[in-house]
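Data block for upload19.cif (mmCIF, C-alpha atoms):
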data_target
#
loop_
_atom_site.group_PDB
_atom_site.id
_atom_site.type_symbol
_atom_site.label_atom_id
_atom_site.label_comp_id
_atom_site.auth_asym_id
_atom_site.auth_seq_id
_atom_site.Cartn_x
_atom_site.Cartn_y
_atom_site.Cartn_z
ATOM 1 C CA MET A 519 16.442 -8.613 23.469
ATOM 2 C CA ALA A 520 16.881 -7.392 19.922
ATOM 3 C CA THR A 521 15.777 -9.823 17.257
ATOM 4 C CA LYS A 522 17.020 -9.773 13.718
ATOM 5 C CA THR A 523 14.309 -8.760 11.280
ATOM 6 C CA VAL A 524 13.600 -11.484 8.776
ATOM 7 C CA THR A 525 13.653 -10.294 5.180
ATOM 8 C CA PHE A 526 12.979 -11.851 1.821
ATOM 9 C CA SER A 527 15.834 -14.116 0.827
ATOM 10 C CA ASN A 528 16.962 -15.667 -2.413
ATOM 11 C CA ARG A 529 14.923 -18.844 -2.242
ATOM 12 C CA ILE A 530 12.172 -20.241 -4.457
ATOM 13 C CA SER A 531 10.510 -23.237 -2.816
ATOM 14 C CA TYR A 532 7.820 -23.980 -5.381
ATOM 15 C CA VAL A 533 7.250 -23.050 -8.989
ATOM 16 C CA THR A 534 3.553 -23.547 -9.615
ATOM 17 C CA LEU A 535 2.259 -23.729 -13.161
ATOM 18 C CA GLY A 536 -1.375 -22.841 -13.765
ATOM 19 C CA VAL A 537 -3.013 -25.452 -15.980
ATOM 20 C CA ASP A 538 -6.338 -25.790 -17.744
ATOM 21 C CA ASN A 539 -6.440 -29.589 -17.584
ATOM 22 C CA LEU A 540 -4.618 -31.074 -14.628
ATOM 23 C CA GLN A 541 -4.654 -34.682 -15.815
ATOM 24 C CA ARG A 542 -3.256 -33.675 -19.198
ATOM 25 C CA ALA A 543 -0.497 -31.649 -17.551
ATOM 26 C CA VAL A 544 0.429 -34.487 -15.201
ATOM 27 C CA SER A 545 0.615 -36.872 -18.132
ATOM 28 C CA PHE A 546 2.923 -34.536 -20.014
ATOM 29 C CA TYR A 547 5.400 -34.110 -17.165
ATOM 30 C CA ARG A 548 5.172 -37.670 -15.795
ATOM 31 C CA ASP A 549 4.750 -39.805 -18.898
ATOM 32 C CA GLY A 550 6.183 -37.480 -21.515
ATOM 33 C CA LEU A 551 9.134 -35.930 -19.724
ATOM 34 C CA GLY A 552 9.611 -38.837 -17.338
ATOM 35 C CA LEU A 553 9.451 -36.993 -14.012
ATOM 36 C CA ALA A 554 8.409 -38.788 -10.835
ATOM 37 C CA THR A 555 5.221 -37.741 -9.040
ATOM 38 C CA LYS A 556 2.623 -39.186 -6.717
ATOM 39 C CA GLY A 557 0.076 -37.832 -9.198
ATOM 40 C CA ILE A 558 -2.906 -35.682 -8.346
ATOM 41 C CA VAL A 559 -3.431 -35.238 -4.622
ATOM 42 C CA GLY A 560 -5.815 -33.064 -2.614
ATOM 43 C CA SER A 561 -8.857 -33.580 -4.835
ATOM 44 C CA GLU A 562 -11.058 -33.898 -1.745
ATOM 45 C CA ILE A 563 -10.531 -30.205 -0.937
ATOM 46 C CA ASP A 564 -12.024 -27.286 -2.889
ATOM 47 C CA ASN A 565 -9.260 -25.980 -5.172
ATOM 48 C CA GLY A 566 -6.988 -28.561 -3.574
ATOM 49 C CA ALA A 567 -6.221 -30.826 -6.522
ATOM 50 C CA VAL A 568 -2.542 -30.433 -7.338
ATOM 51 C CA ALA A 569 0.435 -32.525 -8.457
ATOM 52 C CA PHE A 570 3.998 -32.104 -7.205
ATOM 53 C CA PHE A 571 7.335 -33.001 -8.729
ATOM 54 C CA ASP A 572 10.626 -32.868 -6.829
ATOM 55 C CA PHE A 573 13.258 -30.761 -8.534
ATOM 56 C CA GLN A 574 16.679 -29.852 -7.149
ATOM 57 C CA PRO A 575 16.926 -29.804 -3.329
ATOM 58 C CA GLY A 576 14.526 -27.257 -1.863
ATOM 59 C CA LEU A 577 12.599 -26.779 -5.093
ATOM 60 C CA LYS A 578 9.405 -28.437 -6.264
ATOM 61 C CA LEU A 579 7.290 -27.951 -9.358
ATOM 62 C CA ALA A 580 3.545 -27.896 -8.788
ATOM 63 C CA LEU A 581 0.768 -28.182 -11.345
ATOM 64 C CA TRP A 582 -2.389 -26.467 -10.152
ATOM 65 C CA PRO A 583 -5.473 -25.454 -12.129
ATOM 66 C CA ARG A 584 -5.501 -21.827 -13.187
ATOM 67 C CA LYS A 585 -9.009 -21.501 -11.803
ATOM 68 C CA SER A 586 -7.731 -22.645 -8.397
ATOM 69 C CA ILE A 587 -4.924 -20.071 -8.473
ATOM 70 C CA SER A 588 -7.458 -17.425 -9.446
ATOM 71 C CA ALA A 589 -9.870 -18.398 -6.675
ATOM 72 C CA GLU A 590 -7.309 -18.927 -3.914
ATOM 73 C CA CYS A 591 -5.205 -15.868 -4.709
ATOM 74 C CA ASN A 592 -8.015 -13.466 -5.577
ATOM 75 C CA VAL A 593 -6.759 -12.671 -9.058
ATOM 76 C CA PRO A 594 -8.763 -12.655 -12.289
ATOM 77 C CA LEU A 595 -8.842 -15.789 -14.396
ATOM 78 C CA GLY A 596 -7.531 -14.237 -17.581
ATOM 79 C CA ALA A 597 -6.639 -15.655 -20.944
ATOM 80 C CA ALA A 598 -3.403 -17.626 -20.767
ATOM 81 C CA ASP A 599 -0.362 -15.544 -21.718
ATOM 82 C CA ALA A 600 2.790 -17.302 -22.849
ATOM 83 C CA SER A 601 4.920 -14.154 -22.624
ATOM 84 C CA GLY A 602 4.573 -13.801 -18.860
ATOM 85 C CA PHE A 603 7.324 -16.153 -17.763
ATOM 86 C CA MET A 604 9.560 -19.002 -18.789
ATOM 87 C CA LEU A 605 11.631 -21.727 -17.209
ATOM 88 C CA ALA A 606 15.077 -22.783 -18.326
ATOM 89 C CA HIS A 607 16.502 -26.269 -18.151
ATOM 90 C CA ASN A 608 20.265 -26.109 -18.621
ATOM 91 C CA VAL A 609 22.001 -29.204 -19.903
ATOM 92 C CA ALA A 610 25.565 -30.330 -20.387
ATOM 93 C CA ASN A 611 26.039 -30.220 -24.157
ATOM 94 C CA THR A 612 24.360 -29.578 -27.493
ATOM 95 C CA ALA A 613 23.438 -33.240 -27.973
ATOM 96 C CA ALA A 614 21.465 -33.107 -24.742
ATOM 97 C CA VAL A 615 19.591 -30.074 -26.023
ATOM 98 C CA ASP A 616 18.646 -31.937 -29.189
ATOM 99 C CA ALA A 617 17.648 -35.106 -27.327
ATOM 100 C CA ILE A 618 15.427 -33.271 -24.852
ATOM 101 C CA MET A 619 13.812 -31.070 -27.488
ATOM 102 C CA GLN A 620 12.946 -34.283 -29.353
ATOM 103 C CA GLN A 621 11.654 -35.884 -26.144
ATOM 104 C CA ALA A 622 9.425 -32.861 -25.516
ATOM 105 C CA ARG A 623 8.156 -32.912 -29.093
ATOM 106 C CA ASP A 624 7.376 -36.619 -28.791
ATOM 107 C CA ALA A 625 5.515 -35.870 -25.563
ATOM 108 C CA GLY A 626 3.258 -33.435 -27.373
ATOM 109 C CA ALA A 627 5.028 -30.154 -26.677
ATOM 110 C CA THR A 628 4.941 -27.360 -29.223
ATOM 111 C CA VAL A 629 8.405 -26.338 -30.368
ATOM 112 C CA VAL A 630 8.239 -22.568 -30.737
ATOM 113 C CA ARG A 631 11.957 -22.079 -31.331
ATOM 114 C CA PRO A 632 13.982 -24.960 -32.729
ATOM 115 C CA ALA A 633 17.423 -25.312 -31.198
ATOM 116 C CA LYS A 634 20.008 -22.890 -32.577
ATOM 117 C CA GLU A 635 23.356 -21.382 -31.695
ATOM 118 C CA PHE A 636 23.271 -18.087 -29.852
ATOM 119 C CA GLY A 637 25.553 -15.148 -30.480
ATOM 120 C CA TRP A 638 26.938 -15.530 -26.948
ATOM 121 C CA GLY A 639 28.119 -19.065 -27.635
ATOM 122 C CA GLY A 640 25.322 -21.170 -26.232
ATOM 123 C CA TYR A 641 22.839 -23.465 -27.935
ATOM 124 C CA GLY A 642 19.215 -23.937 -27.101
ATOM 125 C CA GLY A 643 15.598 -24.301 -28.112
ATOM 126 C CA VAL A 644 12.223 -23.485 -26.596
ATOM 127 C CA PHE A 645 9.091 -25.577 -26.255
ATOM 128 C CA GLN A 646 5.661 -24.978 -24.769
ATOM 129 C CA ASP A 647 3.989 -27.475 -22.474
ATOM 130 C CA PRO A 648 0.307 -28.332 -23.116
ATOM 131 C CA ASP A 649 -0.754 -25.164 -21.280
ATOM 132 C CA GLY A 650 1.581 -22.912 -23.231
ATOM 133 C CA HIS A 651 4.241 -22.541 -20.533
ATOM 134 C CA LEU A 652 7.664 -21.941 -22.025
ATOM 135 C CA TRP A 653 10.689 -24.120 -21.315
ATOM 136 C CA GLU A 654 14.054 -23.213 -22.758
ATOM 137 C CA VAL A 655 16.479 -26.122 -23.048
ATOM 138 C CA VAL A 656 19.958 -24.631 -23.079
ATOM 139 C CA TRP A 657 23.586 -25.544 -23.192
ATOM 140 C CA ASN A 658 25.590 -22.687 -21.719
ATOM 141 C CA PRO A 659 29.339 -23.163 -22.188
ATOM 142 C CA HIS A 660 29.942 -20.567 -19.475
ATOM 143 C CA ASP A 661 27.968 -22.498 -16.852
ATOM 144 C CA GLY A 662 29.267 -25.756 -15.454
ATOM 145 C CA SER A 663 26.275 -26.391 -13.186
ATOM 146 C CA ALA A 664 24.226 -28.481 -15.604
ATOM 147 C CA ASP A 665 26.445 -31.538 -16.010
ATOM 148 C CA MET B 772 29.215 -48.402 -28.172
ATOM 149 C CA ALA B 773 25.792 -47.750 -26.748
ATOM 150 C CA THR B 774 25.318 -44.313 -25.276
ATOM 151 C CA LYS B 775 22.737 -43.480 -22.685
ATOM 152 C CA THR B 776 20.010 -41.261 -24.065
ATOM 153 C CA VAL B 777 19.792 -37.969 -22.232
ATOM 154 C CA THR B 778 16.306 -37.164 -21.011
ATOM 155 C CA PHE B 779 14.655 -34.274 -19.251
ATOM 156 C CA SER B 780 15.642 -34.221 -15.605
ATOM 157 C CA ASN B 781 14.269 -32.528 -12.538
ATOM 158 C CA ARG B 782 16.209 -29.292 -12.785
ATOM 159 C CA ILE B 783 15.112 -25.686 -13.221
ATOM 160 C CA SER B 784 18.086 -23.435 -13.953
ATOM 161 C CA TYR B 785 16.325 -20.137 -14.466
ATOM 162 C CA VAL B 786 12.914 -18.786 -13.613
ATOM 163 C CA THR B 787 12.351 -15.840 -15.924
ATOM 164 C CA LEU B 788 9.625 -13.331 -15.163
ATOM 165 C CA GLY B 789 8.222 -11.320 -18.043
ATOM 166 C CA VAL B 790 8.021 -7.655 -17.108
ATOM 167 C CA ASP B 791 6.534 -4.544 -18.676
ATOM 168 C CA ASN B 792 9.063 -2.140 -17.151
ATOM 169 C CA LEU B 793 12.462 -3.663 -16.494
ATOM 170 C CA GLN B 794 13.840 -0.819 -14.378
ATOM 171 C CA ARG B 795 10.768 -0.861 -12.161
ATOM 172 C CA ALA B 796 11.019 -4.624 -11.718
ATOM 173 C CA VAL B 797 14.728 -4.442 -10.869
ATOM 174 C CA SER B 798 14.018 -1.756 -8.297
ATOM 175 C CA PHE B 799 11.335 -3.885 -6.675
ATOM 176 C CA TYR B 800 13.504 -6.982 -6.310
ATOM 177 C CA ARG B 801 16.785 -5.183 -5.554
ATOM 178 C CA ASP B 802 15.735 -2.192 -3.483
ATOM 179 C CA GLY B 803 12.402 -3.418 -2.178
ATOM 180 C CA LEU B 804 13.090 -7.075 -1.443
ATOM 181 C CA GLY B 805 16.817 -6.592 -0.929
ATOM 182 C CA LEU B 806 18.169 -9.116 -3.425
ATOM 183 C CA ALA B 807 21.623 -8.716 -4.923
ATOM 184 C CA THR B 808 22.006 -8.148 -8.668
ATOM 185 C CA LYS B 809 24.427 -6.591 -11.125
ATOM 186 C CA GLY B 810 21.405 -4.755 -12.485
ATOM 187 C CA ILE B 811 20.376 -4.574 -16.124
ATOM 188 C CA VAL B 812 22.880 -6.177 -18.479
ATOM 189 C CA GLY B 813 22.779 -6.916 -22.196
ATOM 190 C CA SER B 814 21.100 -3.694 -23.264
ATOM 191 C CA GLU B 815 23.436 -3.444 -26.256
ATOM 192 C CA ILE B 816 21.758 -6.475 -27.862
ATOM 193 C CA ASP B 817 18.256 -6.523 -29.355
ATOM 194 C CA ASN B 818 15.965 -8.099 -26.755
ATOM 195 C CA GLY B 819 19.062 -8.613 -24.617
ATOM 196 C CA ALA B 820 18.331 -6.359 -21.653
ATOM 197 C CA VAL B 821 17.852 -8.590 -18.622
ATOM 198 C CA ALA B 822 18.633 -8.667 -14.903
ATOM 199 C CA PHE B 823 19.696 -11.749 -12.950
ATOM 200 C CA PHE B 824 19.448 -12.638 -9.286
ATOM 201 C CA ASP B 825 21.154 -15.648 -7.724
ATOM 202 C CA PHE B 826 18.797 -17.910 -5.838
ATOM 203 C CA GLN B 827 19.637 -21.273 -4.275
ATOM 204 C CA PRO B 828 22.546 -23.133 -5.915
ATOM 205 C CA GLY B 829 21.797 -23.864 -9.548
ATOM 206 C CA LEU B 830 18.818 -21.522 -9.720
ATOM 207 C CA LYS B 831 18.647 -17.925 -10.881
ATOM 208 C CA LEU B 832 15.752 -15.533 -11.246
ATOM 209 C CA ALA B 833 15.749 -13.431 -14.406
ATOM 210 C CA LEU B 834 13.696 -10.356 -15.205
ATOM 211 C CA TRP B 835 13.176 -9.967 -18.939
ATOM 212 C CA PRO B 836 10.703 -7.775 -20.802
ATOM 213 C CA ARG B 837 7.580 -9.596 -21.924
ATOM 214 C CA LYS B 838 8.074 -8.187 -25.392
ATOM 215 C CA SER B 839 11.538 -9.773 -25.514
ATOM 216 C CA ILE B 840 10.135 -13.148 -24.472
ATOM 217 C CA SER B 841 7.443 -12.792 -27.105
ATOM 218 C CA ALA B 842 9.943 -11.859 -29.825
ATOM 219 C CA GLU B 843 12.648 -14.372 -28.940
ATOM 220 C CA CYS B 844 10.308 -17.298 -28.301
ATOM 221 C CA ASN B 845 7.821 -16.636 -31.094
ATOM 222 C CA VAL B 846 4.785 -16.411 -28.852
ATOM 223 C CA PRO B 847 2.083 -13.736 -28.865
ATOM 224 C CA LEU B 848 2.464 -10.767 -26.549
ATOM 225 C CA GLY B 849 -0.822 -11.195 -24.740
ATOM 226 C CA ALA B 850 -2.395 -9.383 -21.842
ATOM 227 C CA ALA B 851 -0.655 -10.263 -18.588
ATOM 228 C CA ASP B 852 -2.390 -13.090 -16.734
ATOM 229 C CA ALA B 853 -1.813 -13.480 -13.015
ATOM 230 C CA SER B 854 -3.422 -16.931 -12.875
ATOM 231 C CA GLY B 855 -0.795 -18.589 -15.076
ATOM 232 C CA PHE B 856 1.824 -19.332 -12.455
ATOM 233 C CA MET B 857 3.072 -18.496 -9.016
ATOM 234 C CA LEU B 858 6.235 -18.778 -6.979
ATOM 235 C CA ALA B 859 6.423 -19.812 -3.350
ATOM 236 C CA HIS B 860 8.926 -18.589 -0.807
ATOM 237 C CA ASN B 861 8.851 -20.875 2.212
ATOM 238 C CA VAL B 862 10.032 -19.458 5.516
ATOM 239 C CA ALA B 863 10.753 -20.802 8.961
ATOM 240 C CA ASN B 864 7.848 -19.516 11.039
ATOM 241 C CA THR B 865 4.713 -17.391 11.059
ATOM 242 C CA ALA B 866 6.573 -14.266 12.180
ATOM 243 C CA ALA B 867 8.758 -14.513 9.108
ATOM 244 C CA VAL B 868 5.648 -14.675 6.928
ATOM 245 C CA ASP B 869 4.316 -11.504 8.523
ATOM 246 C CA ALA B 870 7.650 -9.682 8.279
ATOM 247 C CA ILE B 871 8.152 -10.516 4.620
ATOM 248 C CA MET B 872 4.566 -9.719 3.652
ATOM 249 C CA GLN B 873 5.094 -6.313 5.278
ATOM 250 C CA GLN B 874 8.415 -5.886 3.485
ATOM 251 C CA ALA B 875 6.747 -6.660 0.152
ATOM 252 C CA ARG B 876 3.916 -4.248 0.891
ATOM 253 C CA ASP B 877 6.425 -1.528 1.787
ATOM 254 C CA ALA B 878 8.215 -2.235 -1.498
ATOM 255 C CA GLY B 879 5.041 -1.560 -3.443
ATOM 256 C CA ALA B 880 3.671 -5.074 -3.852
ATOM 257 C CA THR B 881 -0.061 -5.665 -3.942
ATOM 258 C CA VAL B 882 -1.216 -8.012 -1.209
ATOM 259 C CA VAL B 883 -3.919 -10.136 -2.814
ATOM 260 C CA ARG B 884 -4.304 -12.543 0.077
ATOM 261 C CA PRO B 885 -3.316 -11.392 3.555
ATOM 262 C CA ALA B 886 -1.564 -14.035 5.619
ATOM 263 C CA LYS B 887 -3.882 -16.603 7.178
ATOM 264 C CA GLU B 888 -3.804 -20.080 8.655
ATOM 265 C CA PHE B 889 -4.501 -22.927 6.260
ATOM 266 C CA GLY B 890 -6.632 -25.974 7.027
ATOM 267 C CA TRP B 891 -3.537 -28.157 6.578
ATOM 268 C CA GLY B 892 -1.693 -26.380 9.374
ATOM 269 C CA GLY B 893 0.433 -23.885 7.486
ATOM 270 C CA TYR B 894 0.334 -20.095 7.407
ATOM 271 C CA GLY B 895 0.883 -17.842 4.453
ATOM 272 C CA GLY B 896 -0.039 -14.867 2.323
ATOM 273 C CA VAL B 897 0.244 -13.909 -1.315
ATOM 274 C CA PHE B 898 1.512 -10.745 -2.956
ATOM 275 C CA GLN B 899 1.904 -9.589 -6.539
ATOM 276 C CA ASP B 900 5.068 -7.960 -7.810
ATOM 277 C CA PRO B 901 4.745 -4.785 -9.940
ATOM 278 C CA ASP B 902 4.017 -6.935 -13.012
ATOM 279 C CA GLY B 903 1.343 -8.981 -11.294
ATOM 280 C CA HIS B 904 3.441 -12.102 -10.688
ATOM 281 C CA LEU B 905 2.277 -14.008 -7.638
ATOM 282 C CA TRP B 906 4.519 -14.866 -4.701
ATOM 283 C CA GLU B 907 3.198 -16.939 -1.859
ATOM 284 C CA VAL B 908 5.081 -16.513 1.421
ATOM 285 C CA VAL B 909 4.484 -19.657 3.434
ATOM 286 C CA TRP B 910 5.346 -21.346 6.665
ATOM 287 C CA ASN B 911 4.876 -25.081 6.221
ATOM 288 C CA PRO B 912 5.218 -26.949 9.522
ATOM 289 C CA HIS B 913 5.696 -30.192 7.568
ATOM 290 C CA ASP B 914 8.723 -28.863 5.677
ATOM 291 C CA GLY B 915 11.999 -28.229 7.431
ATOM 292 C CA SER B 916 13.798 -26.938 4.354
ATOM 293 C CA ALA B 917 13.076 -23.238 4.872
ATOM 294 C CA ASP B 918 14.958 -22.555 8.095
#

Could you spell out this file's structure in structure tokens?
Amino acid sequence: MATKTVTFSNRISYVTLGVDNLQRAVSFYRDGLGLATKGIVGSEIDNGAVAFFDFQPGLKLALWPRKSISAECNVPLGAADASGFMLAHNVANTAAVDAIMQQARDAGATVVRPAKEFGWGGYGGVFQDPDGHLWEVVWNPHDGSAD
Amino acid sequence: MATKTVTFSNRISYVTLGVDNLQRAVSFYRDGLGLATKGIVGSEIDNGAVAFFDFQPGLKLALWPRKSISAECNVPLGAADASGFMLAHNVANTAAVDAIMQQARDAGATVVRPAKEFGWGGYGGVFQDPDGHLWEVVWNPHDGSAD
């Protein structure tokens, strides 16, 4: 019986952010940004301490120490590099961009690009979480999915 | 009239990977992993060249040069660091893990952790894309969302 070969499909199940201080990162996302989490779990296992946050269906955000990622994935523990990736959080209007950029600032984020209008018609700003990970907060008038 | 303050919500709209060679990265995800894309767009704009891939509803993957991220977000262009984040691709069974790890290897990925059973009952491996970004391919028997 022929079986269909399974191939990579367009699905991201977890986005895991490497952090230098797990408690600090949990506080930022839970207390500062207001996201629900059970907090740090798995501390009884070597490299197991991690915190999860539910995002849209099928997607979770995980916070995991960079040294655990390095050890478990056999990659060097390098110096953190902010230019390696970013996450975008699309919102429904420019006021939402401003409100969330202010919320992030109040939570201790570093605003690396204050909100501005883009040439393509959108509006957005960029902050870094306590570990330097970039979040762009964007209103995209061509995208109705963020209402 | 009181208006409800908008706050950060549990939504990731884009995951953007910083790449050193955009054409190479597009080839890996399009030709190697088989994901659909319109290819590189925006090349006529400074720091605009980017490629998008649709993922689950509301989520896109973007490939954008690290130097563009650095320039547009006002962060240093550091040395790439594999320990800063990772993405997970959950699949429906162990055979799917093996098939996709092989597909990634055939596409030129570096397998940094061959697939193995985890103490918690799952099964998975980890590869790096051409820019060193980590993807974990996982079967999680406690998660029915990857079928």

Quick one: apply the PyMOL selection byres ((chain B) within 8 of (chain A)) to the file and drop the selected residues here as a ChimeraX atom specification. /B:776-790,804-806,824-827,829,837-838,840-841,844-861,867,870-871,874,883-884,897,916-917

If I take CA of Ser561 (chain A) and CA of Glu888 (chain B), how far is one from the other in Å, to one decimal?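 Interatomic distance, CA of Ser561 (chain A) to CA of Glu888 (chain B): 19.7 Å.
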
Got a sec to align chain B on chain A by every in-order Cα pair and hand back the fitted coordinates as a short mmCIF file (atom, residue, chain, number, x, y, z; two decimals) with C-alpha atoms, in the frame of the given file?
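That gives us out_21.cif:
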data_model
loop_
_atom_site.label_atom_id
_atom_site.label_comp_id
_atom_site.auth_asym_id
_atom_site.auth_seq_id
_atom_site.Cartn_x
_atom_site.Cartn_y
_atom_site.Cartn_z
CA MET B 772 16.66 -8.31 23.41
CA ALA B 773 16.98 -7.17 19.83
CA THR B 774 15.87 -9.69 17.26
CA LYS B 775 17.05 -9.71 13.70
CA THR B 776 14.30 -8.77 11.29
CA VAL B 777 13.58 -11.52 8.81
CA THR B 778 13.64 -10.34 5.21
CA PHE B 779 12.98 -11.89 1.85
CA SER B 780 15.83 -14.16 0.86
CA ASN B 781 16.96 -15.70 -2.38
CA ARG B 782 14.91 -18.88 -2.21
CA ILE B 783 12.17 -20.27 -4.44
CA SER B 784 10.49 -23.27 -2.81
CA TYR B 785 7.81 -24.01 -5.37
CA VAL B 786 7.25 -23.06 -8.98
CA THR B 787 3.55 -23.55 -9.62
CA LEU B 788 2.25 -23.74 -13.16
CA GLY B 789 -1.37 -22.85 -13.77
CA VAL B 790 -3.01 -25.45 -15.98
CA ASP B 791 -6.34 -25.78 -17.75
CA ASN B 792 -6.44 -29.59 -17.60
CA LEU B 793 -4.62 -31.08 -14.64
CA GLN B 794 -4.67 -34.69 -15.84
CA ARG B 795 -3.26 -33.68 -19.21
CA ALA B 796 -0.51 -31.65 -17.57
CA VAL B 797 0.41 -34.50 -15.22
CA SER B 798 0.60 -36.88 -18.16
CA PHE B 799 2.91 -34.54 -20.03
CA TYR B 800 5.39 -34.12 -17.18
CA ARG B 801 5.16 -37.68 -15.82
CA ASP B 802 4.73 -39.82 -18.92
CA GLY B 803 6.16 -37.49 -21.54
CA LEU B 804 9.12 -35.94 -19.75
CA GLY B 805 9.60 -38.84 -17.36
CA LEU B 806 9.44 -37.01 -14.04
CA ALA B 807 8.40 -38.81 -10.87
CA THR B 808 5.21 -37.76 -9.06
CA LYS B 809 2.60 -39.21 -6.74
CA GLY B 810 0.07 -37.85 -9.22
CA ILE B 811 -2.93 -35.71 -8.37
CA VAL B 812 -3.45 -35.25 -4.64
CA GLY B 813 -5.83 -33.09 -2.64
CA SER B 814 -8.87 -33.59 -4.84
CA GLU B 815 -11.08 -33.92 -1.76
CA ILE B 816 -10.55 -30.22 -0.94
CA ASP B 817 -12.03 -27.31 -2.89
CA ASN B 818 -9.28 -25.99 -5.17
CA GLY B 819 -6.99 -28.58 -3.59
CA ALA B 820 -6.24 -30.84 -6.54
CA VAL B 821 -2.55 -30.46 -7.35
CA ALA B 822 0.42 -32.54 -8.47
CA PHE B 823 3.99 -32.13 -7.22
CA PHE B 824 7.33 -33.02 -8.74
CA ASP B 825 10.62 -32.89 -6.85
CA PHE B 826 13.25 -30.78 -8.54
CA GLN B 827 16.67 -29.88 -7.15
CA PRO B 828 16.91 -29.84 -3.33
CA GLY B 829 14.52 -27.30 -1.87
CA LEU B 830 12.58 -26.81 -5.10
CA LYS B 831 9.39 -28.46 -6.27
CA LEU B 832 7.29 -27.97 -9.36
CA ALA B 833 3.53 -27.91 -8.80
CA LEU B 834 0.75 -28.20 -11.35
CA TRP B 835 -2.40 -26.47 -10.16
CA PRO B 836 -5.48 -25.46 -12.14
CA ARG B 837 -5.50 -21.82 -13.19
CA LYS B 838 -9.00 -21.51 -11.80
CA SER B 839 -7.72 -22.66 -8.40
CA ILE B 840 -4.93 -20.08 -8.47
CA SER B 841 -7.45 -17.44 -9.44
CA ALA B 842 -9.86 -18.42 -6.66
CA GLU B 843 -7.30 -18.95 -3.90
CA CYS B 844 -5.20 -15.89 -4.70
CA ASN B 845 -8.01 -13.49 -5.57
CA VAL B 846 -6.76 -12.68 -9.05
CA PRO B 847 -8.75 -12.65 -12.28
CA LEU B 848 -8.83 -15.79 -14.40
CA GLY B 849 -7.52 -14.22 -17.57
CA ALA B 850 -6.62 -15.64 -20.94
CA ALA B 851 -3.39 -17.62 -20.75
CA ASP B 852 -0.35 -15.54 -21.70
CA ALA B 853 2.80 -17.30 -22.84
CA SER B 854 4.93 -14.15 -22.62
CA GLY B 855 4.58 -13.81 -18.84
CA PHE B 856 7.33 -16.16 -17.75
CA MET B 857 9.56 -18.99 -18.79
CA LEU B 858 11.62 -21.73 -17.21
CA ALA B 859 15.07 -22.79 -18.32
CA HIS B 860 16.50 -26.28 -18.14
CA ASN B 861 20.26 -26.11 -18.62
CA VAL B 862 22.00 -29.21 -19.90
CA ALA B 863 25.57 -30.33 -20.38
CA ASN B 864 26.03 -30.21 -24.14
CA THR B 865 24.37 -29.57 -27.48
CA ALA B 866 23.43 -33.22 -27.97
CA ALA B 867 21.47 -33.11 -24.75
CA VAL B 868 19.58 -30.06 -26.02
CA ASP B 869 18.65 -31.92 -29.19
CA ALA B 870 17.65 -35.09 -27.33
CA ILE B 871 15.43 -33.28 -24.86
CA MET B 872 13.81 -31.07 -27.49
CA GLN B 873 12.94 -34.28 -29.36
CA GLN B 874 11.65 -35.88 -26.17
CA ALA B 875 9.42 -32.86 -25.53
CA ARG B 876 8.15 -32.90 -29.10
CA ASP B 877 7.37 -36.62 -28.81
CA ALA B 878 5.50 -35.87 -25.58
CA GLY B 879 3.25 -33.42 -27.39
CA ALA B 880 5.03 -30.14 -26.69
CA THR B 881 4.95 -27.35 -29.23
CA VAL B 882 8.41 -26.33 -30.37
CA VAL B 883 8.25 -22.56 -30.74
CA ARG B 884 11.95 -22.06 -31.33
CA PRO B 885 13.98 -24.95 -32.72
CA ALA B 886 17.42 -25.30 -31.19
CA LYS B 887 20.01 -22.88 -32.56
CA GLU B 888 23.36 -21.38 -31.67
CA PHE B 889 23.26 -18.08 -29.81
CA GLY B 890 25.57 -15.13 -30.46
CA TRP B 891 26.93 -15.52 -26.92
CA GLY B 892 28.13 -19.05 -27.61
CA GLY B 893 25.33 -21.16 -26.20
CA TYR B 894 22.84 -23.46 -27.91
CA GLY B 895 19.21 -23.93 -27.09
CA GLY B 896 15.59 -24.29 -28.11
CA VAL B 897 12.23 -23.48 -26.60
CA PHE B 898 9.10 -25.57 -26.25
CA GLN B 899 5.66 -24.98 -24.78
CA ASP B 900 3.98 -27.46 -22.48
CA PRO B 901 0.30 -28.33 -23.12
CA ASP B 902 -0.75 -25.16 -21.28
CA GLY B 903 1.58 -22.91 -23.23
CA HIS B 904 4.25 -22.54 -20.54
CA LEU B 905 7.67 -21.93 -22.02
CA TRP B 906 10.70 -24.11 -21.32
CA GLU B 907 14.05 -23.21 -22.75
CA VAL B 908 16.48 -26.12 -23.05
CA VAL B 909 19.96 -24.63 -23.06
CA TRP B 910 23.59 -25.53 -23.18
CA ASN B 911 25.58 -22.68 -21.68
CA PRO B 912 29.33 -23.16 -22.15
CA HIS B 913 29.95 -20.56 -19.44
CA ASP B 914 27.97 -22.50 -16.82
CA GLY B 915 29.25 -25.76 -15.43
CA SER B 916 26.27 -26.37 -13.17
CA ALA B 917 24.23 -28.48 -15.60
CA ASP B 918 26.46 -31.52 -15.98
#

Would you compute an axis-aligned box for region 785-797 of chain B, covering every atom listed for it in the file with 5 Å of margin on each side, and report centre and edge lengths in Å to one decimal as AutoDock Vina command-line options?
--center_x 11.4 --center_y -10.5 --center_z -14.8 --size_x 19.8 --size_y 29.3 --size_z 17.8

One decimal, Å: what's the distance from CA of Gln794 (chain B) over to CA of Asp817 (chain B), could you say?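 Result for CA of Gln794 (chain B) versus CA of Asp817 (chain B): 16.6 Å, one decimal.
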
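The coordinates place CA of Val812 (chain B) at 16.7 Å from CA of Gly639 (chain A).
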
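Taken over the whole file, the PyMOL selection byres ((chain B and resi 797) around 9) covers exactly Asn792, Leu793, Gln794, Arg795, Ala796, Ser798, Phe799, Tyr800, Arg801, Asp802, Thr808, Gly810, Ile811, Ala822 and Leu834 of chain B.
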